[in-house]
$ cat query-v4.tsv   # TSV, C-alpha atoms
chain	number	residue	atom	x	y	z
A	268	GLY	CA	-98.01	120.35	79.25
A	269	LEU	CA	-99.30	122.67	76.59
A	270	ASN	CA	-102.76	124.13	77.23
A	271	GLY	CA	-102.98	122.36	80.58
A	272	GLU	CA	-102.71	118.88	79.05
A	273	PRO	CA	-100.71	116.36	81.07
A	274	VAL	CA	-97.10	115.72	80.15
A	275	HIS	CA	-96.69	112.22	78.70
A	276	SER	CA	-93.79	109.88	79.26
A	277	LEU	CA	-91.90	108.62	76.25
A	278	ALA	CA	-93.59	105.26	76.73
A	279	GLU	CA	-97.02	106.89	76.53
A	280	ILE	CA	-96.04	108.68	73.34
A	281	ALA	CA	-94.77	105.39	71.86
A	282	ALA	CA	-98.02	103.64	72.83
A	283	ASP	CA	-100.09	106.50	71.37
A	284	LEU	CA	-98.21	106.02	68.10
A	285	GLY	CA	-99.01	102.30	68.12
A	286	ALA	CA	-95.41	101.22	68.76
A	287	THR	CA	-94.75	98.00	70.63
A	288	GLN	CA	-91.06	98.74	71.19
A	289	MET	CA	-89.05	101.78	72.17
A	290	LEU	CA	-85.27	102.03	71.77
A	291	MET	CA	-83.42	103.46	74.78
A	292	GLY	CA	-79.92	104.37	75.81
A	293	SER	CA	-78.69	104.35	79.39
A	294	GLY	CA	-77.86	108.04	79.46
A	295	THR	CA	-74.50	109.31	80.64
A	296	GLY	CA	-73.02	111.14	83.57
A	297	TYR	CA	-70.78	114.12	84.08
A	298	LEU	CA	-67.08	113.31	84.09
A	299	THR	CA	-66.83	114.52	87.69
A	300	GLU	CA	-69.61	112.24	89.00
A	301	PRO	CA	-68.81	108.90	90.63
A	302	PHE	CA	-69.71	106.08	88.26
A	303	GLU	CA	-71.92	104.17	90.73
A	304	GLU	CA	-74.04	107.29	91.44
A	305	VAL	CA	-74.66	107.80	87.73
A	306	TRP	CA	-75.35	104.07	87.31
A	307	ALA	CA	-77.91	104.09	90.14
A	308	ARG	CA	-79.70	107.10	88.66
A	309	SER	CA	-79.86	105.43	85.24
A	310	ARG	CA	-81.07	102.14	86.74
A	311	GLU	CA	-83.85	103.92	88.66
A	312	SER	CA	-84.96	105.91	85.62
A	313	LEU	CA	-84.92	102.89	83.31
A	314	GLY	CA	-86.80	100.84	85.88
A	315	ARG	CA	-89.54	103.44	86.23
A	316	LEU	CA	-89.82	103.79	82.46
A	317	ALA	CA	-89.90	100.01	81.97
A	318	GLU	CA	-92.70	99.71	84.53
A	319	ARG	CA	-94.79	102.36	82.80
A	320	ALA	CA	-93.98	100.98	79.35
A	321	GLY	CA	-95.07	97.51	80.45
A	322	GLN	CA	-98.42	98.87	81.62
A	323	LEU	CA	-98.89	100.21	78.10
A	324	GLY	CA	-97.68	97.09	76.28
A	325	VAL	CA	-94.48	98.71	75.07
A	326	SER	CA	-91.14	96.97	75.52
A	327	LEU	CA	-87.82	98.77	75.93
A	328	ALA	CA	-84.78	97.84	73.87
A	329	LEU	CA	-81.71	99.03	75.80
A	330	GLU	CA	-79.00	99.75	73.24
A	331	THR	CA	-75.37	99.18	74.11
A	332	LEU	CA	-73.71	102.38	72.89
A	333	GLN	CA	-70.06	103.10	72.20
A	334	PRO	CA	-67.82	104.44	74.98
A	335	ARG	CA	-67.67	107.79	73.16
A	336	GLU	CA	-71.49	107.98	73.46
A	337	THR	CA	-71.97	106.88	77.08
A	338	ASP	CA	-69.94	105.92	80.11
A	339	LEU	CA	-72.67	103.54	81.33
A	340	VAL	CA	-74.08	100.72	79.15
A	341	ASN	CA	-71.27	100.47	76.61
A	342	THR	CA	-70.30	96.77	76.81
A	343	LEU	CA	-72.08	93.44	76.92
A	344	ALA	CA	-71.11	93.02	80.57
A	345	ARG	CA	-72.70	96.34	81.49
A	346	ALA	CA	-75.81	95.61	79.41
A	347	ALA	CA	-76.21	92.30	81.26
A	348	ARG	CA	-75.71	94.04	84.61
A	349	MET	CA	-78.30	96.73	83.86
A	350	LEU	CA	-80.87	94.23	82.61
A	351	GLU	CA	-80.39	92.13	85.73
A	352	GLU	CA	-80.57	95.08	88.12
A	353	VAL	CA	-83.65	96.60	86.50
A	354	GLY	CA	-85.22	93.15	86.40
A	355	SER	CA	-88.11	94.06	84.11
A	356	PRO	CA	-89.65	91.58	81.71
A	357	TRP	CA	-90.37	94.60	79.50
A	358	MET	CA	-86.72	95.51	78.94
A	359	TYR	CA	-84.23	93.63	76.79
A	360	SER	CA	-81.00	94.26	74.93
A	361	CYS	CA	-80.37	95.97	71.63
A	362	VAL	CA	-76.98	95.01	70.28
A	363	ASP	CA	-75.24	97.10	67.64
A	364	THR	CA	-72.76	94.94	65.76
A	365	GLU	CA	-70.32	97.80	65.18
A	366	THR	CA	-70.39	98.84	68.84
A	367	ALA	CA	-69.76	95.24	69.87
A	368	ALA	CA	-66.75	95.09	67.55
A	369	VAL	CA	-65.36	98.40	68.87
A	370	VAL	CA	-65.34	97.21	72.49
A	371	GLY	CA	-64.28	93.63	71.76
A	372	ASP	CA	-67.65	91.95	72.32
A	373	THR	CA	-69.26	89.55	69.84
A	374	LEU	CA	-72.75	88.84	68.67
A	375	ASP	CA	-72.18	85.22	69.72
A	376	GLY	CA	-71.35	86.52	73.20
A	377	TYR	CA	-74.61	88.46	73.42
A	378	PHE	CA	-76.60	85.31	72.74
A	379	GLU	CA	-74.43	83.21	75.10
A	380	THR	CA	-74.88	85.75	77.90
A	381	LEU	CA	-78.38	87.10	77.32
A	382	GLY	CA	-80.12	84.46	75.20
A	383	GLU	CA	-83.71	85.51	74.55
A	384	ARG	CA	-83.05	88.88	76.20
A	385	VAL	CA	-81.56	89.98	72.86
A	386	GLY	CA	-84.59	91.61	71.30
A	387	HIS	CA	-83.23	94.08	68.78
A	388	VAL	CA	-80.15	94.04	66.56
A	389	HIS	CA	-78.62	96.96	64.73
A	390	LEU	CA	-76.90	95.21	61.87
A	391	THR	CA	-74.14	97.66	61.04
A	392	ASP	CA	-70.84	97.53	59.25
A	393	GLY	CA	-67.61	99.33	60.10
A	394	GLN	CA	-63.85	99.17	59.83
A	395	GLU	CA	-62.29	96.74	62.31
A	396	GLY	CA	-59.92	98.57	64.63
A	397	ARG	CA	-61.14	102.06	63.71
A	398	LEU	CA	-63.23	103.65	66.45
A	399	GLY	CA	-66.09	105.69	65.06
A	400	SER	CA	-65.70	104.54	61.47
A	401	GLY	CA	-68.83	102.47	61.50
A	402	HIS	CA	-72.49	102.57	60.79
A	403	LEU	CA	-71.57	102.04	57.19
A	404	ALA	CA	-73.81	100.44	54.59
A	405	LEU	CA	-73.47	96.66	54.58
A	406	GLY	CA	-70.41	95.70	52.57
A	407	ASP	CA	-68.70	99.09	52.88
A	408	GLY	CA	-66.78	97.99	55.98
A	409	THR	CA	-64.84	94.96	57.11
A	410	LEU	CA	-67.10	93.49	59.80
A	411	PRO	CA	-68.20	89.85	59.32
A	412	ILE	CA	-71.81	90.49	58.26
A	413	ASP	CA	-72.22	86.93	56.89
A	414	HIS	CA	-71.13	85.55	60.26
A	415	TYR	CA	-73.60	87.82	62.07
A	416	LEU	CA	-76.42	86.45	59.90
A	417	GLU	CA	-75.29	82.91	60.68
A	418	VAL	CA	-75.32	83.68	64.42
A	419	LEU	CA	-78.83	85.12	64.17
A	420	GLU	CA	-80.04	82.04	62.28
A	421	ALA	CA	-78.27	79.61	64.66
A	422	ASN	CA	-80.03	81.28	67.60
A	423	ALA	CA	-83.41	81.26	65.84
A	424	TYR	CA	-83.49	85.02	66.36
A	425	ALA	CA	-86.96	86.37	65.64
A	426	GLY	CA	-86.68	89.84	67.17
A	427	PHE	CA	-86.32	93.20	65.50
A	428	MET	CA	-83.37	93.90	63.22
A	429	THR	CA	-82.60	97.24	61.65
A	430	LEU	CA	-79.96	98.33	59.20
A	431	GLU	CA	-78.31	101.32	60.79
A	432	ALA	CA	-76.20	103.27	58.31
A	433	LEU	CA	-75.45	106.76	59.52
A	434	ASN	CA	-71.67	107.04	59.65
A	435	ALA	CA	-71.92	109.41	62.61
$ encode --input "query-v4.tsv" --output "structure tokens"
Amino acid sequence: GLNGEPVHSLAEIAADLGATQMLMGSGTGYLTEPFEEVWARSRESLGRLAERAGQLGVSLALETLQPRETDLVNTLARAARMLEEVGSPWMYSCVDTETAAVVGDTLDGYFETLGERVGHVHLTDGQEGRLGSGHLALGDGTLPIDHYLEVLEANAYAGFMTLEALNA
């Protein structure tokens, strides 16, 4: 580190800032790498980070990203697999409603599959059927925002929810 100070992990930085949660992605691999090798590397890294984060009282929200953003955790099925393989009580799922719509997953499906392991929701709008058109302000797209709110209420969701409007 600078001036001989130790290098801190992201979890330590989050804890130093007083955060109780840290949002994470799974990373991505090179196009020439075998998928399972990249997956194993991500699983090991996330597991080590989750262990350290847990020691500090920081939980990890693993966001399911769009296929254009990662070749790893980009569907509900892959999010469930990674959470199971890492096996940490300090790591749970962050679902982005626009990403779910892009890949054909549903918010209902996240709760059916992961239950209380859904710990963060990016409530985002987008245009159904248009990859990359999302992260719009609520009401600017065509996604069923009212239905998403009903699903959250029906599941007594009490985790974090953020409005993510970046249109990236």
$ closest_residue --input "query-v4.tsv" --among "A:Ala281, A:Ala320, A:Ala367, A:Val305" --to "Pro334 in chain A" --atoms "all atoms listed in the file"
A:Ala367
$ closest_residue --input "query-v4.tsv" --among "A:Leu403, A:Gly408, A:Asn341, A:Leu419" --to "Leu433 in chain A" --atoms "all atoms listed in the file"
A:Leu403
$ atom_distance --input "query-v4.tsv" --atom1 "CA of Ala368 in chain A" --atom2 "CA of Leu430 in chain A"
16.0 Å
$ atom_distance --input "query-v4.tsv" --atom1 "CA of Ala317 in chain A" --atom2 "CA of Leu277 in chain A"
10.5 Å
$ closest_residue --input "query-v4.tsv" --among "A:Thr429, A:Thr295, A:Gln333, A:Thr287" --to "Gly371 in chain A" --atoms "only C-alpha atoms"
A:Gln333
$ closest_residue --input "query-v4.tsv" --among "A:Pro301, A:Gly354, A:Gly285, A:Pro411" --to "Thr373 in chain A" --atoms "all atoms listed in the file"
A:Pro411
$ atom_distance --input "query-v4.tsv" --atom1 "CA of Ser293 in chain A" --atom2 "CA of Glu311 in chain A"
10.6 Å
$ residues_around --input "query-v4.tsv" --residues "Ser360 in chain A" --least-positions-apart "6" --cutoff "9 Å" --atoms "only C-alpha atoms" --output "PyMOL selection string"
chain A and resi 327-331+346-347+350+377+381+384-388
$ closest_residue --input "query-v4.tsv" --among "A:Ala432, A:His414, A:Ser309, A:Phe302" --to "Leu374 in chain A" --atoms "only C-alpha atoms"
A:His414
$ closest_residue --input "query-v4.tsv" --among "A:Glu336, A:Ala282, A:Ser326, A:Arg319" --to "Gly296 in chain A" --atoms "only C-alpha atoms"
A:Glu336
